[in-house]
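**Q** Pasting a structure below so you can have a look.
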2 protein chains.
Amino acid sequence: MAFDKHKGLFPTAGHDHKTCVSSALEGAERYCREHGLRLTTLRRQVLELVWTSHRPVGAYALLEQISSEGRKAAPPTVYRSLDFLMEHGLIHRIASLNAYVGCSHLTHNHAPRFFICDQCGEAAELDDPAIDDAIARDAEKLGFRIERQTLEISGICAQCENGAIA
Amino acid sequence: MAFDKHKGLFPTAGHDHKTCVSSALEGAERYCREHGLRLTTLRRQVLELVWTSHRPVGAYALLEQISSEGRKAAPPTVYRSLDFLMEHGLIHRIASLNAYVGCSHLTHNHAPRFFICDQCGEAAELDDPAIDDAIARDAEKLGFRIERQTLEISGICAQCENGAIA
DNA sequence: TTCATAATGTAATATTATAACATTCCACGT
DNA sequence: ACGTGGAATGTTATAATATTACATTATGAA
């Protein structure tokens, strides 16, 4: 992703977000093409709105934006699209915020793992095999078959901690 | 806890749940006494209701039970008690279920980490320093100051997988 | 006992999500 | 191009979860 070139994993203030958006959309289109799925106008619009930033966004905020862009929309309009996008791993749900964010790791299977800044609201998706391995070992010990995972670490990101912009 | 003596970490069908409840209540009372907190009748009642089982329970289910036990209760009644109990680590919130479960690790500070069975609904609280360490390392790399954590692993527990009782 | 504060009661409402059914759209075979 | 069947969306209503604001009551400390 565009912001990976910068110092940290967190989306930095100066990163080229347009690249994030376009690669997310291209990735989604490729994925749907290859899997015979329909990335309809609505679904694409929802995906694009989710990708407005790296801040998880609520379903009703999306709904307002869809409406303001001229389309007739009610809750099911957005929830159905969110369900589709989640089902195919194009976005993730942040359970602790009841909000949704674009997937930054389209190219490989992964459990969603997020660091989320309480101050700026940005979410960074993280891959760490050490976490994966530890959880897998625990599951094995328990004989537990994992179906879904939620890992959300909230706090203050480095930029906010250091008083960057705000 | 009572079920720790059994084979797995998961609450087993045969475990002595009364011991879970009494040690949770005793622990809460000791904690509140030592910290100058008031474990009021209402708070104690909510805690006891949460401890009815190892299955996370919703706020409105608790509300119904409180009402049925004769007390006047509205949503704030239960939410305020839940907030108190969470603030002091006596219960945890399961964000992916909008539900609440008693804390099984009263005696030490810890990030809440759960395995939750989709079938029987039971939640097992787990301690694994390997997970803690991996997350701590990632946070340090990011310069991220952790405030709260949510780790919820959902799937099928060993007992359900093996067709135990159901 | 009195007072300040904490806890709870009460009413209204906000926020998030789903159910149920109607309509429209689109790929496909003809 | 035409009709068809299933997928997608529109529409209305409502469920489920949670909070705000203000009134009242209970509690412990001075």
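Scheme for the structure tokens: letters A, B, ... for chains in order shown; per-chain residue numbers from 1; ligand numbers from 1 in order shown.
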Got a sec to pull out which chain C residues are within 10 Å of chain B, counting only C-alpha atoms (C1' of nucleotides), and send them as a list in words?

**A** DA6, DA7, DT8, DG9, DT10 and DA11 of chain C

**Q** For a quick test of understanding: name the residues of chain B lying within 10 Å of chain A when counting only C-alpha atoms, and present them as a ChimeraX atom specification.

**A** /B:7-10,93-98,113-118,124,126-135,137-162

**Q** Output C-alpha atoms of each residue in that selection to a file, as a PDB file, in the first residue's frame.

**A**
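Contents of the output file result.pdb:
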ATOM      1  CA  LYS B   7      -8.844 -31.498  30.916  1.00  0.00           C
ATOM      2  CA  GLY B   8      -9.198 -28.408  28.791  1.00  0.00           C
ATOM      3  CA  LEU B   9      -9.434 -24.712  29.320  1.00  0.00           C
ATOM      4  CA  PHE B  10     -13.016 -24.659  28.130  1.00  0.00           C
ATOM      5  CA  ARG B  93     -17.452  -7.082  27.177  1.00  0.00           C
ATOM      6  CA  ILE B  94     -17.476  -9.319  24.115  1.00  0.00           C
ATOM      7  CA  ALA B  95     -17.634  -6.751  21.333  1.00  0.00           C
ATOM      8  CA  SER B  96     -18.385  -9.224  18.572  1.00  0.00           C
ATOM      9  CA  LEU B  97     -21.506 -10.358  20.455  1.00  0.00           C
ATOM     10  CA  ASN B  98     -22.552  -7.178  22.270  1.00  0.00           C
ATOM     11  CA  ARG B 113      -8.615 -12.768  25.345  1.00  0.00           C
ATOM     12  CA  PHE B 114     -11.425 -15.131  24.522  1.00  0.00           C
ATOM     13  CA  PHE B 115     -12.208 -18.276  22.638  1.00  0.00           C
ATOM     14  CA  ILE B 116     -15.940 -18.396  21.997  1.00  0.00           C
ATOM     15  CA  CYS B 117     -17.858 -21.382  20.700  1.00  0.00           C
ATOM     16  CA  ASP B 118     -20.491 -20.542  18.084  1.00  0.00           C
ATOM     17  CA  ALA B 124     -13.077 -19.386  27.619  1.00  0.00           C
ATOM     18  CA  LEU B 126      -7.194 -17.455  27.960  1.00  0.00           C
ATOM     19  CA  ASP B 127      -3.812 -16.253  29.086  1.00  0.00           C
ATOM     20  CA  ASP B 128      -0.942 -16.650  26.698  1.00  0.00           C
ATOM     21  CA  PRO B 129       2.195 -14.602  27.234  1.00  0.00           C
ATOM     22  CA  ALA B 130       3.240 -15.411  23.667  1.00  0.00           C
ATOM     23  CA  ILE B 131       0.281 -13.386  22.378  1.00  0.00           C
ATOM     24  CA  ASP B 132       0.925 -10.606  24.857  1.00  0.00           C
ATOM     25  CA  ASP B 133       4.580 -10.425  23.881  1.00  0.00           C
ATOM     26  CA  ALA B 134       3.902 -10.419  20.166  1.00  0.00           C
ATOM     27  CA  ILE B 135       1.380  -7.606  20.504  1.00  0.00           C
ATOM     28  CA  ARG B 137       6.512  -5.933  20.289  1.00  0.00           C
ATOM     29  CA  ASP B 138       4.275  -4.736  17.472  1.00  0.00           C
ATOM     30  CA  ALA B 139       3.053  -1.805  19.526  1.00  0.00           C
ATOM     31  CA  GLU B 140       6.591  -0.850  20.379  1.00  0.00           C
ATOM     32  CA  LYS B 141       7.653  -0.981  16.751  1.00  0.00           C
ATOM     33  CA  LEU B 142       4.768   1.345  15.904  1.00  0.00           C
ATOM     34  CA  GLY B 143       5.302   3.606  18.874  1.00  0.00           C
ATOM     35  CA  PHE B 144       1.709   2.833  19.776  1.00  0.00           C
ATOM     36  CA  ARG B 145       0.527   3.268  23.364  1.00  0.00           C
ATOM     37  CA  ILE B 146      -2.001   0.542  24.067  1.00  0.00           C
ATOM     38  CA  GLU B 147      -5.081   1.449  26.089  1.00  0.00           C
ATOM     39  CA  ARG B 148      -7.550  -1.348  25.412  1.00  0.00           C
ATOM     40  CA  GLN B 149      -7.563  -4.685  23.663  1.00  0.00           C
ATOM     41  CA  THR B 150     -10.181  -6.896  22.115  1.00  0.00           C
ATOM     42  CA  LEU B 151      -9.266 -10.423  21.124  1.00  0.00           C
ATOM     43  CA  GLU B 152     -12.132 -12.731  20.318  1.00  0.00           C
ATOM     44  CA  ILE B 153     -11.587 -16.034  18.567  1.00  0.00           C
ATOM     45  CA  SER B 154     -14.832 -17.619  17.434  1.00  0.00           C
ATOM     46  CA  GLY B 155     -15.397 -21.119  16.167  1.00  0.00           C
ATOM     47  CA  ILE B 156     -16.274 -24.553  17.439  1.00  0.00           C
ATOM     48  CA  CYS B 157     -15.000 -25.901  20.738  1.00  0.00           C
ATOM     49  CA  ALA B 158     -13.690 -29.416  21.125  1.00  0.00           C
ATOM     50  CA  GLN B 159     -16.741 -30.716  22.933  1.00  0.00           C
ATOM     51  CA  CYS B 160     -19.129 -29.495  20.259  1.00  0.00           C
ATOM     52  CA  GLU B 161     -16.837 -30.696  17.513  1.00  0.00           C
ATOM     53  CA  ASN B 162     -16.865 -34.170  19.013  1.00  0.00           C
TER      54      ASN B 162
END

**Q** So which residues touch stretch 17-28 of chain C within 8 Å, counting only C-alpha atoms (C1' of nucleotides), skipping near sequence neighbours fewer than 2 positions away, as a PyMOL selection string?

**A** chain D and resi 8-11+14-16

**Q** Could I get the residues of chain D with an atom no further than 12 Å from an atom of chain B, each paired with its nearest atom pair and that distance in Å to one decimal, using only C-alpha atoms (C1' of nucleotides), sorted by chain and residue number, as CSV?

**A**
residue,atom,partner,partner_atom,distance
D:DA16,C1',B:Tyr60,CA,8.6
D:DT17,C1',B:Asn98,CA,7.6
D:DA18,C1',B:Pro75,CA,8.1
D:DT19,C1',B:Pro76,CA,8.3
D:DT20,C1',B:Pro76,CA,10.2
D:DA21,C1',B:Pro76,CA,11.9
D:DA26,C1',B:Thr40,CA,10.8
D:DT27,C1',B:Arg38,CA,10.0
D:DG28,C1',B:Arg38,CA,11.2

**Q** Step one, run DSSP on the backbone; step two, keep only residues of chain B assigned to alpha helix (DSSP H); then write them as a ChimeraX atom specification.

**A** /B:17-34,41-50,59-68,75-87,129-142,158-161

**Q** For A:Ser53, please output as a list in words all residues within 9 Å (counting only C-alpha atoms (C1' of nucleotides); exclusion window: fewer than 5 positions along the same chain).

**A**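 The residues satisfying every condition are His17, Val21, Val101, Gly102 and Glu122 of chain A.
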
**Q** Residues at most 8 Å from B:Leu62, counting only C-alpha atoms (C1' of nucleotides), excluding those fewer than 6 positions away in the same chain, as a PDB file with C-alpha atoms, in the first residue's frame?

**A**
ATOM      1  CA  VAL B  46     -25.826  -8.031  37.917  1.00  0.00           C
ATOM      2  CA  LEU B  49     -26.526 -12.871  36.755  1.00  0.00           C
ATOM      3  CA  VAL B  50     -23.574 -12.503  34.400  1.00  0.00           C
ATOM      4  CA  VAL B  78     -28.079  -2.485  33.875  1.00  0.00           C
TER       5      VAL B  78
END

**Q** Apply DSSP to the structure's backbone, then extract all residues of stretch 18-160 of chain B labelled strand (DSSP E) and return them as a PyMOL selection string.

**A** chain B and resi 91-94+99-102+113-117+123-125+145-156
